[in-house]
>>> print(open('query_10.cif').read())   # mmCIF, C-alpha atoms
data_final
loop_
_atom_site.label_atom_id
_atom_site.label_comp_id
_atom_site.auth_asym_id
_atom_site.auth_seq_id
_atom_site.Cartn_x
_atom_site.Cartn_y
_atom_site.Cartn_z
CA MET A 1 98.24 128.55 111.97
CA SER A 2 96.51 126.17 109.67
CA ALA A 3 95.74 122.50 110.40
CA PRO A 4 97.52 120.89 113.39
CA ASP A 5 101.00 119.61 112.64
CA LEU A 6 99.91 115.97 112.99
CA LEU A 7 97.26 116.40 110.29
CA THR A 8 99.78 118.10 108.00
CA ARG A 9 102.22 115.24 108.42
CA LEU A 10 99.52 112.60 107.88
CA ILE A 11 98.31 114.40 104.74
CA ALA A 12 101.92 114.44 103.49
CA ALA A 13 102.25 110.69 104.19
CA PHE A 14 99.03 109.89 102.29
CA SER A 15 99.99 112.11 99.36
CA ARG A 16 103.14 110.05 98.81
CA LEU A 17 100.94 107.06 97.86
CA PRO A 18 100.56 106.42 94.13
CA GLY A 19 97.72 108.32 92.47
CA VAL A 20 97.05 110.46 95.57
CA GLY A 21 97.48 114.23 95.33
CA GLU A 22 97.49 116.72 98.18
CA LYS A 23 93.75 117.38 97.90
CA SER A 24 92.71 113.73 97.95
CA ALA A 25 95.11 113.08 100.85
CA ARG A 26 93.41 115.91 102.74
CA ARG A 27 89.97 114.41 102.05
CA MET A 28 91.17 111.00 103.28
CA VAL A 29 92.54 112.38 106.54
CA TYR A 30 89.43 114.46 107.26
CA HIS A 31 87.33 111.40 106.45
CA LEU A 32 89.27 109.41 109.06
CA LEU A 33 88.78 112.19 111.61
CA GLN A 34 85.03 111.97 111.13
CA SER A 35 84.99 108.16 111.19
CA PRO A 36 84.93 106.11 114.41
CA ALA A 37 88.34 106.33 116.15
CA ASP A 38 88.71 102.55 115.71
CA ASP A 39 89.03 102.96 111.92
CA ALA A 40 92.27 104.95 112.28
CA ARG A 41 93.48 102.58 115.04
CA ALA A 42 92.78 99.50 112.90
CA MET A 43 94.57 101.00 109.90
CA SER A 44 97.51 101.97 112.13
CA ALA A 45 97.78 98.42 113.52
CA LEU A 46 97.69 96.86 110.03
CA LEU A 47 100.36 99.27 108.76
CA ALA A 48 102.58 98.54 111.76
CA GLU A 49 102.35 94.81 111.00
CA LEU A 50 103.16 95.28 107.31
CA PRO A 51 106.99 95.51 107.49
CA GLU A 52 107.11 93.03 110.41
CA LYS A 53 105.05 90.21 108.94
CA ILE A 54 105.21 90.50 105.17
CA HIS A 55 108.38 89.48 103.34
CA PRO A 56 109.21 88.04 99.91
CA CYS A 57 108.77 84.27 99.52
CA PRO A 58 112.33 82.85 99.38
CA GLN A 59 111.43 80.76 96.34
CA CYS A 60 109.18 82.92 94.10
CA HIS A 61 109.60 86.40 95.68
CA ALA A 62 105.84 87.02 95.96
CA TRP A 63 104.83 88.74 99.22
CA THR A 64 103.90 86.36 102.00
CA ASP A 65 103.49 86.15 105.78
CA ARG A 66 104.74 82.54 105.93
CA ASP A 67 108.06 80.71 105.47
CA LEU A 68 107.04 79.75 101.94
CA CYS A 69 104.12 81.43 100.13
CA PRO A 70 100.89 79.37 99.88
CA VAL A 71 101.39 78.78 96.15
CA CYS A 72 104.96 77.45 96.53
CA ALA A 73 103.87 75.40 99.56
CA ASP A 74 100.85 73.84 97.80
CA PRO A 75 101.62 70.20 96.88
CA LYS A 76 98.84 70.24 94.24
CA ARG A 77 100.60 72.83 92.11
CA ASP A 78 102.37 71.74 88.92
CA ARG A 79 106.07 72.14 89.78
CA GLY A 80 107.10 71.69 86.15
CA LEU A 81 105.47 74.96 85.10
CA ILE A 82 106.61 78.45 86.19
CA CYS A 83 104.94 81.73 85.26
CA VAL A 84 107.37 84.68 85.34
CA VAL A 85 105.80 88.07 86.16
CA GLU A 86 107.26 91.51 86.73
CA ASN A 87 105.55 92.39 90.02
CA ALA A 88 104.11 90.56 93.02
CA SER A 89 100.75 92.19 92.32
CA ASP A 90 100.64 90.36 88.96
CA VAL A 91 100.52 87.06 90.87
CA ASP A 92 97.31 88.27 92.52
CA VAL A 93 95.73 88.90 89.12
CA PHE A 94 96.31 85.27 88.07
CA GLU A 95 95.37 83.87 91.49
CA ARG A 96 92.22 85.92 91.88
CA HIS A 97 90.77 84.25 88.83
CA ARG A 98 92.42 80.86 89.52
CA LEU A 99 93.75 80.81 85.98
CA PHE A 100 97.04 79.01 86.44
CA GLY A 101 98.02 75.73 88.09
CA GLY A 102 101.80 76.11 88.16
CA LEU A 103 104.18 78.15 90.29
CA TYR A 104 105.24 81.80 89.90
CA HIS A 105 108.46 83.74 89.81
CA VAL A 106 108.43 87.48 90.52
CA LEU A 107 111.23 89.35 88.73
CA GLY A 108 110.77 92.57 90.67
CA GLY A 109 110.55 94.76 87.56
CA HIS A 110 111.83 94.70 84.01
CA LEU A 111 115.20 95.31 82.39
CA SER A 112 115.74 99.00 81.85
CA PRO A 113 119.33 99.83 80.86
CA LEU A 114 118.58 103.58 80.84
CA ASP A 115 117.61 103.42 84.53
CA GLY A 116 120.56 101.15 85.31
CA VAL A 117 118.35 98.08 85.85
CA GLY A 118 120.34 95.10 84.57
CA PRO A 119 119.70 91.37 85.18
CA ASP A 120 121.59 91.57 88.49
CA ARG A 121 118.96 93.98 89.86
CA LEU A 122 116.15 91.53 89.06
CA ASN A 123 115.42 88.04 90.43
CA VAL A 124 116.96 86.37 87.37
CA GLN A 125 119.63 84.23 89.02
CA SER A 126 117.11 82.76 91.47
CA LEU A 127 114.94 81.78 88.49
CA MET A 128 117.89 79.98 86.90
CA ASP A 129 118.54 78.26 90.24
CA ARG A 130 115.08 76.68 90.32
CA LEU A 131 114.87 75.19 86.82
CA GLU A 132 115.51 71.61 88.01
CA GLY A 133 112.51 69.53 86.86
CA VAL A 134 110.86 72.51 85.14
CA ARG A 135 109.61 71.77 81.59
CA GLU A 136 108.07 75.14 80.69
CA VAL A 137 108.41 78.77 81.76
CA VAL A 138 105.59 81.14 80.75
CA LEU A 139 107.01 84.64 80.31
CA ALA A 140 104.19 86.95 81.43
CA THR A 141 106.16 90.20 81.61
CA GLY A 142 104.40 93.42 80.58
CA SER A 143 103.71 94.37 76.97
CA SER A 144 105.85 97.52 77.21
CA THR A 145 109.10 97.67 75.22
CA GLU A 146 111.02 96.93 78.43
CA GLY A 147 108.72 94.02 79.28
CA GLU A 148 109.21 92.60 75.79
CA SER A 149 113.00 92.85 75.91
CA THR A 150 113.05 91.30 79.39
CA ALA A 151 111.08 88.35 78.00
CA LEU A 152 113.44 88.08 75.04
CA TYR A 153 116.46 88.11 77.36
CA LEU A 154 114.96 85.38 79.58
CA GLU A 155 113.91 83.34 76.56
CA ARG A 156 117.55 83.12 75.42
CA LEU A 157 118.77 82.15 78.90
CA LEU A 158 116.09 79.47 79.17
CA GLU A 159 116.78 78.09 75.69
CA ALA A 160 120.44 77.78 76.60
CA ARG A 161 119.34 75.71 79.59
CA GLY A 162 117.07 73.56 77.41
CA VAL A 163 113.86 74.80 79.10
CA LYS A 164 110.89 75.65 76.88
CA ALA A 165 109.90 79.34 77.12
CA THR A 166 106.42 80.50 76.09
CA ARG A 167 104.69 83.91 76.04
CA LEU A 168 101.11 84.92 76.77
CA ALA A 169 99.29 85.18 73.45
CA ARG A 170 99.06 88.68 72.01
CA GLY A 171 95.89 89.63 70.19
CA ILE A 172 92.57 91.36 70.37
CA PRO A 173 91.02 91.53 73.86
CA MET A 174 87.56 89.97 74.14
CA GLY A 175 84.62 92.30 73.59
CA THR A 176 86.62 95.05 71.89
CA ASP A 177 85.58 96.78 68.66
CA LEU A 178 88.33 96.86 66.06
CA GLU A 179 88.01 100.62 65.64
CA TYR A 180 89.15 101.21 69.22
CA LEU A 181 92.31 99.10 68.89
CA ASP A 182 95.79 100.56 68.59
CA GLN A 183 97.82 99.80 65.50
CA LEU A 184 100.39 97.60 67.24
CA THR A 185 97.81 95.30 68.84
CA LEU A 186 96.08 94.95 65.46
CA LEU A 187 99.39 94.17 63.74
CA ARG A 188 100.26 91.54 66.36
CA ALA A 189 96.80 89.97 66.10
CA LEU A 190 97.16 89.79 62.30
CA GLU A 191 100.65 88.27 62.49
CA ALA A 192 99.51 85.66 65.01
CA ARG A 193 96.29 84.81 63.15
CA GLY A 194 95.14 81.20 63.31
CA SER A 195 92.47 79.01 61.78
CA ALA A 196 88.88 80.14 62.43
CA MET B 197 95.39 81.25 98.14
CA SER B 198 95.72 84.80 96.97
CA ALA B 199 97.46 87.67 98.81
CA PRO B 200 98.23 87.17 102.51
CA ASP B 201 95.35 87.96 104.84
CA LEU B 202 97.10 91.06 106.24
CA LEU B 203 97.39 92.57 102.75
CA THR B 204 93.73 91.79 102.04
CA ARG B 205 92.68 93.52 105.26
CA LEU B 206 94.91 96.54 104.59
CA ILE B 207 93.58 96.85 101.04
CA ALA B 208 90.04 96.74 102.46
CA ALA B 209 90.93 99.49 104.97
CA PHE B 210 92.39 101.74 102.26
CA SER B 211 89.46 101.16 99.93
CA ARG B 212 87.09 102.57 102.57
CA LEU B 213 88.78 105.98 102.16
CA PRO B 214 86.91 108.49 99.97
CA GLY B 215 87.72 108.27 96.27
CA VAL B 216 89.69 105.03 96.66
CA GLY B 217 88.50 101.90 94.87
CA GLU B 218 89.75 98.37 95.37
CA LYS B 219 92.31 98.67 92.57
CA SER B 220 93.85 101.93 93.81
CA ALA B 221 93.92 100.53 97.37
CA ARG B 222 95.82 97.53 96.05
CA ARG B 223 98.32 99.80 94.29
CA MET B 224 98.82 101.81 97.49
CA VAL B 225 99.50 98.74 99.62
CA TYR B 226 101.92 97.23 97.09
CA HIS B 227 103.63 100.60 96.86
CA LEU B 228 104.12 100.60 100.65
CA LEU B 229 105.52 97.06 100.49
CA GLN B 230 108.14 98.22 98.03
CA SER B 231 108.95 101.40 99.97
CA PRO B 232 111.37 101.50 102.91
CA ALA B 233 109.77 99.80 105.93
CA ASP B 234 109.93 103.12 107.81
CA ASP B 235 107.30 104.62 105.50
CA ALA B 236 104.65 102.15 106.69
CA ARG B 237 105.85 102.52 110.30
CA ALA B 238 105.67 106.33 110.13
CA MET B 239 102.18 106.23 108.65
CA SER B 240 101.11 103.73 111.30
CA ALA B 241 102.43 105.96 114.10
CA LEU B 242 100.66 109.04 112.72
CA LEU B 243 97.37 107.15 112.36
CA ALA B 244 97.64 105.83 115.93
CA GLU B 245 98.07 109.38 117.21
CA LEU B 246 95.11 110.69 115.21
CA PRO B 247 92.24 109.68 117.55
CA GLU B 248 94.40 110.28 120.65
CA LYS B 249 95.63 113.78 119.92
CA ILE B 250 93.16 115.41 117.57
CA HIS B 251 89.79 116.59 118.90
CA PRO B 252 87.34 119.37 118.06
CA CYS B 253 88.17 122.83 119.46
CA PRO B 254 85.63 123.40 122.27
CA GLN B 255 84.85 126.87 120.91
CA CYS B 256 84.79 126.62 117.09
CA HIS B 257 84.77 122.81 116.55
CA ALA B 258 87.70 122.88 114.11
CA TRP B 259 90.14 119.97 114.60
CA THR B 260 93.02 120.75 116.93
CA ASP B 261 95.68 119.10 119.08
CA ARG B 262 95.51 121.83 121.77
CA ASP B 263 93.03 122.97 124.43
CA LEU B 264 91.84 125.75 122.15
CA CYS B 265 92.64 125.80 118.42
CA PRO B 266 95.37 128.27 117.32
CA VAL B 267 92.81 130.56 115.66
CA CYS B 268 90.57 130.80 118.74
CA ALA B 269 93.67 131.23 120.96
CA ASP B 270 95.21 133.98 118.81
CA PRO B 271 94.74 137.38 120.57
CA LYS B 272 95.25 139.21 117.26
CA ARG B 273 92.10 137.76 115.73
CA ASP B 274 89.01 139.96 115.40
CA ARG B 275 86.63 138.47 117.98
CA GLY B 276 83.70 140.49 116.64
CA LEU B 277 83.67 138.58 113.35
CA ILE B 278 82.79 134.89 112.94
CA CYS B 279 82.87 132.91 109.72
CA VAL B 280 80.49 129.93 109.75
CA VAL B 281 81.54 126.96 107.60
CA GLU B 282 80.12 123.47 107.09
CA ASN B 283 83.28 121.42 107.61
CA ALA B 284 86.57 121.70 109.47
CA SER B 285 88.41 121.33 106.17
CA ASP B 286 86.78 124.59 104.98
CA VAL B 287 88.69 126.42 107.75
CA ASP B 288 91.93 125.19 106.17
CA VAL B 289 90.95 126.68 102.82
CA PHE B 290 90.55 130.15 104.36
CA GLU B 291 93.63 129.79 106.56
CA ARG B 292 95.91 128.46 103.86
CA HIS B 293 95.48 131.68 101.93
CA ARG B 294 95.29 133.88 105.07
CA LEU B 295 92.11 135.44 103.77
CA PHE B 296 90.21 136.09 106.95
CA GLY B 297 91.09 137.83 110.22
CA GLY B 298 88.16 136.78 112.40
CA LEU B 299 87.22 133.52 114.12
CA TYR B 300 85.48 130.45 112.70
CA HIS B 301 82.57 128.24 113.62
CA VAL B 302 82.31 124.74 112.15
CA LEU B 303 78.70 123.54 111.83
CA GLY B 304 79.63 119.93 111.09
CA GLY B 305 77.48 119.72 107.95
CA HIS B 306 74.33 121.30 106.61
CA LEU B 307 70.63 120.97 107.38
CA SER B 308 69.19 118.02 105.50
CA PRO B 309 65.68 117.13 106.67
CA LEU B 310 65.51 114.14 104.31
CA ASP B 311 68.55 112.59 106.03
CA GLY B 312 67.22 113.52 109.47
CA VAL B 313 69.82 116.27 110.00
CA GLY B 314 68.08 119.05 111.95
CA PRO B 315 69.66 122.01 113.80
CA ASP B 316 70.20 119.81 116.88
CA ARG B 317 72.58 117.59 114.88
CA LEU B 318 74.73 120.60 113.91
CA ASN B 319 76.79 122.99 116.07
CA VAL B 320 74.06 125.63 115.98
CA GLN B 321 73.42 126.07 119.71
CA SER B 322 77.14 126.56 120.42
CA LEU B 323 77.17 129.31 117.76
CA MET B 324 74.28 131.06 119.49
CA ASP B 325 76.14 130.72 122.80
CA ARG B 326 79.17 132.64 121.52
CA LEU B 327 77.46 135.71 120.02
CA GLU B 328 78.38 138.01 122.94
CA GLY B 329 80.40 140.91 121.45
CA VAL B 330 80.03 139.58 117.89
CA ARG B 331 78.97 142.24 115.35
CA GLU B 332 78.95 140.16 112.17
CA VAL B 333 78.63 136.50 111.18
CA VAL B 334 79.74 135.56 107.66
CA LEU B 335 77.71 132.57 106.49
CA ALA B 336 80.11 130.58 104.28
CA THR B 337 78.08 127.39 103.95
CA GLY B 338 78.20 125.53 100.61
CA SER B 339 76.34 126.71 97.53
CA SER B 340 74.23 123.52 97.37
CA THR B 341 70.51 123.77 98.07
CA GLU B 342 71.12 122.41 101.58
CA GLY B 343 73.97 124.86 102.19
CA GLU B 344 71.75 127.73 101.06
CA SER B 345 68.85 126.72 103.31
CA THR B 346 71.23 126.26 106.24
CA ALA B 347 72.47 129.82 105.69
CA LEU B 348 68.89 131.10 105.46
CA TYR B 349 67.99 129.32 108.70
CA LEU B 350 71.01 130.78 110.52
CA GLU B 351 70.36 134.24 109.07
CA ARG B 352 66.92 134.29 110.70
CA LEU B 353 68.28 133.12 114.05
CA LEU B 354 71.03 135.76 113.95
CA GLU B 355 68.64 138.54 112.93
CA ALA B 356 66.43 137.67 115.91
CA ARG B 357 69.50 138.10 118.09
CA GLY B 358 70.35 141.44 116.46
CA VAL B 359 73.58 140.16 114.88
CA LYS B 360 74.36 141.11 111.29
CA ALA B 361 74.57 138.10 108.98
CA THR B 362 76.39 138.28 105.63
CA ARG B 363 77.04 135.78 102.84
CA LEU B 364 80.05 135.24 100.60
CA ALA B 365 79.37 137.06 97.31
CA ARG B 366 78.01 134.88 94.54
CA GLY B 367 79.16 135.64 91.01
CA ILE B 368 81.51 134.74 88.23
CA PRO B 369 84.79 133.12 89.32
CA MET B 370 87.94 134.96 88.22
CA GLY B 371 89.42 133.83 84.91
CA THR B 372 86.31 132.01 83.67
CA ASP B 373 84.85 132.40 80.19
CA LEU B 374 81.13 133.15 80.23
CA GLU B 375 80.40 130.28 77.88
CA TYR B 376 81.57 127.72 80.45
CA LEU B 377 79.35 129.05 83.23
CA ASP B 378 76.21 127.32 84.40
CA GLN B 379 72.90 129.14 84.14
CA LEU B 380 72.40 129.62 87.88
CA THR B 381 75.81 131.23 88.46
CA LEU B 382 75.16 133.57 85.55
CA LEU B 383 71.71 134.46 86.91
CA ARG B 384 73.12 135.16 90.38
CA ALA B 385 75.94 137.28 88.93
CA LEU B 386 73.40 139.29 86.93
CA GLU B 387 71.10 139.78 89.93
CA ALA B 388 74.00 140.92 92.12
CA ARG B 389 75.52 143.19 89.49
CA GLY B 390 77.21 146.35 90.75
CA SER B 391 78.76 149.52 89.29
CA ALA B 392 81.71 148.92 86.96
#
>>> encode(input="query_10.cif", output="structure tokens")
Amino acid sequence: MSAPDLLTRLIAAFSRLPGVGEKSARRMVYHLLQSPADDARAMSALLAELPEKIHPCPQCHAWTDRDLCPVCADPKRDRGLICVVENASDVDVFERHRLFGGLYHVLGGHLSPLDGVGPDRLNVQSLMDRLEGVREVVLATGSSTEGESTALYLERLLEARGVKATRLARGIPMGTDLEYLDQLTLLRALEARGSA
Amino acid sequence: MSAPDLLTRLIAAFSRLPGVGEKSARRMVYHLLQSPADDARAMSALLAELPEKIHPCPQCHAWTDRDLCPVCADPKRDRGLICVVENASDVDVFERHRLFGGLYHVLGGHLSPLDGVGPDRLNVQSLMDRLEGVREVVLATGSSTEGESTALYLERLLEARGVKATRLARGIPMGTDLEYLDQLTLLRALEARGSA
């Protein structure tokens, strides 16, 4: 005879979200109860639309509500340049700051043999299928060991196809004191040192 | 040309929840996109039901999906004992651990003159209206200054009606080293000291 069943189930649903524990989920649900009823209704409507309207772009696999995502559909984008990222959310990071003028390709993760994630579980073949007219592929996978080996794997495939593969530069982030840097970042920055 | 509009609106809705910033909201929405579509649908259905089915219990103001909440409706509960709490979520804390055999009364906050919250903005009158046959009211408002003054205010009202008012004991929480305690808790524990 604690909270009504509906609240318990909603708290359970919220606590399955990343970074949300049972206590924060409880706070969220009680917050919604005390908010105008339209807040919960609006959130419900948006969530209902999510699986109906949002699907991966057939070309780059980023999430979109159109036939082709706005980036792939934009005639002003440089079609000779593709940036490969692990997750669709990484595309947002580039786009938010308007840092890149080419197209994207979302792998859907990184290679992880221990978890049984081979190239066939990632969007690798569809990348190979869109290399026509592409002069450079920027490999922007994560800097984890798995991200690095995924990049290495793709680099070899791309070389074999005669397409230039590049990586994001590794080095010291702007505004960071040396003393706070990890050893590996420092080593990479030293190895990749250039003229002042 | 960033994320689809629907995602942007859903991220905005999530980031209005307590303790959720824009980045965590983004992670939650992308997590839902990668989960089975039924997860988003289930959450949507539960949220739609929230304002329709859940309302305050007409007697104690705790959230319920019935005419009277299960605690108020339970004939085994001690009707002579009422525990007054600030928020409906506080009722859950007592109920989860089955610590209390009486009824509850949810104030809906605490007195806060600076924010314009007087007794008329809280469920004070409805508490006074249900004192018939009540021998004791446990004031379990928060230990903030506002919670304390709310308890003091209610204590005077209850005394005038000849109903015994008690407070939760203040003291040292179980399993805590003295050195980690704040000064006020230590002072209260010393003032309220009893026989060993």
>>> resolve_selection(input="query_10.cif", expression="the PyMOL selection byres ((chain A) within 6 of (chain B))", output="short mmCIF file (atom, residue, chain, number, x, y, z; two decimals) with C-alpha atoms, in the coordinates of the input")
data_model
loop_
_atom_site.label_atom_id
_atom_site.label_comp_id
_atom_site.auth_asym_id
_atom_site.auth_seq_id
_atom_site.Cartn_x
_atom_site.Cartn_y
_atom_site.Cartn_z
CA SER A 2 96.51 126.17 109.67
CA PRO A 4 97.52 120.89 113.39
CA LEU A 17 100.94 107.06 97.86
CA PRO A 18 100.56 106.42 94.13
CA MET A 28 91.17 111.00 103.28
CA ALA A 37 88.34 106.33 116.15
CA ALA A 40 92.27 104.95 112.28
CA ARG A 41 93.48 102.58 115.04
CA SER A 44 97.51 101.97 112.13
CA LEU A 47 100.36 99.27 108.76
CA ALA A 48 102.58 98.54 111.76
CA PRO A 51 106.99 95.51 107.49
CA THR A 64 103.90 86.36 102.00
CA ASP A 92 97.31 88.27 92.52
CA GLU A 95 95.37 83.87 91.49
#
>>> closest_residue(input="query_10.cif", among="B:Val281, B:Leu323, B:Leu318, B:Leu383", to="Glu344 in chain B", atoms="all atoms listed in the file")
B:Val281
>>> atom_distance(input="query_10.cif", atom1="CA of Arg366 in chain B", atom2="CA of Ala336 in chain B")
10.9 Å
>>> residues_near_point(input="query_10.cif", point="(74.6, 143.8, 112.2)", cutoff="9 Å", atoms="all atoms listed in the file", output="ChimeraX atom specification")
/B:330-333,354-355,358-362
>>> write_last_selection(input="query_10.cif", atoms="C-alpha atoms", output="compact mmCIF listing (two decimals), keeping the file's coordinate frame")
# COMPACT_ATOMS: atom_id res chain seq x y z
CA VAL B 330 80.03 139.58 117.89
CA ARG B 331 78.97 142.24 115.35
CA GLU B 332 78.95 140.16 112.17
CA VAL B 333 78.63 136.50 111.18
CA LEU B 354 71.03 135.76 113.95
CA GLU B 355 68.64 138.54 112.93
CA GLY B 358 70.35 141.44 116.46
CA VAL B 359 73.58 140.16 114.88
CA LYS B 360 74.36 141.11 111.29
CA ALA B 361 74.57 138.10 108.98
CA THR B 362 76.39 138.28 105.63
>>> resolve_selection(input="query_10.cif", expression="the PyMOL selection byres ((chain A and resi 146) around 12)", output="list in words")
Glu86, Gly109, His110, Leu111, Ser112, Pro113, Leu114, Asp115, Val117, Gly118, Thr141, Gly142, Ser143, Ser144, Thr145, Gly147, Glu148, Ser149, Thr150, Ala151, Leu152 and Tyr153 of chain A
>>> resolve_selection(input="query_10.cif", expression="the PyMOL selection byres ((chain B and resi 380) around 12)", output="MDAnalysis selection string")
chainID B and resid 339:341 366:368 376:379 381:387
>>> atom_distance(input="query_10.cif", atom1="CA of Asp325 in chain B", atom2="CA of Pro271 in chain B")
19.9 Å
>>> atom_distance(input="query_10.cif", atom1="CA of Leu103 in chain A", atom2="CA of Glu132 in chain A")
13.3 Å
>>> closest_residue(input="query_10.cif", among="B:Cys279, B:Lys272, B:Asp316, B:Lys219", to="Leu364 in chain B", atoms="all atoms listed in the file")
B:Cys279
>>> build_atoms(input="query_10.cif", residues="range 201-217 of chain B", atoms="N, CA and C atoms", output="compact mmCIF listing (two decimals), keeping the file's coordinate frame")
# COMPACT_ATOMS: atom_id res chain seq x y z
N ASP B 201 96.50 87.38 104.17
CA ASP B 201 95.35 87.96 104.84
C ASP B 201 95.58 89.41 105.27
N LEU B 202 96.79 89.70 105.79
CA LEU B 202 97.10 91.06 106.24
C LEU B 202 96.98 92.05 105.09
N LEU B 203 97.49 91.67 103.91
CA LEU B 203 97.39 92.57 102.75
C LEU B 203 95.93 92.78 102.38
N THR B 204 95.15 91.69 102.38
CA THR B 204 93.73 91.79 102.04
C THR B 204 93.02 92.76 102.99
N ARG B 205 93.35 92.65 104.28
CA ARG B 205 92.68 93.52 105.26
C ARG B 205 93.13 94.98 105.10
N LEU B 206 94.42 95.18 104.77
CA LEU B 206 94.91 96.54 104.59
C LEU B 206 94.32 97.17 103.33
N ILE B 207 94.20 96.36 102.27
CA ILE B 207 93.58 96.85 101.04
C ILE B 207 92.13 97.25 101.31
N ALA B 208 91.44 96.43 102.11
CA ALA B 208 90.04 96.74 102.46
C ALA B 208 89.97 98.05 103.24
N ALA B 209 90.93 98.26 104.17
CA ALA B 209 90.93 99.49 104.97
C ALA B 209 91.17 100.71 104.08
N PHE B 210 92.11 100.61 103.16
CA PHE B 210 92.39 101.74 102.26
C PHE B 210 91.21 102.00 101.33
N SER B 211 90.53 100.94 100.91
CA SER B 211 89.46 101.16 99.93
C SER B 211 88.21 101.75 100.59
N ARG B 212 88.20 101.87 101.92
CA ARG B 212 87.09 102.57 102.57
C ARG B 212 87.32 104.08 102.59
N LEU B 213 88.51 104.54 102.21
CA LEU B 213 88.78 105.98 102.16
C LEU B 213 88.04 106.60 100.97
N PRO B 214 87.69 107.88 101.06
CA PRO B 214 86.91 108.49 99.97
C PRO B 214 87.72 108.55 98.68
N GLY B 215 87.08 108.19 97.57
CA GLY B 215 87.72 108.27 96.27
C GLY B 215 88.71 107.15 95.98
N VAL B 216 88.75 106.13 96.85
CA VAL B 216 89.69 105.03 96.66
C VAL B 216 88.92 103.75 96.37
N GLY B 217 89.13 103.17 95.20
CA GLY B 217 88.50 101.90 94.87
C GLY B 217 89.42 100.76 95.24
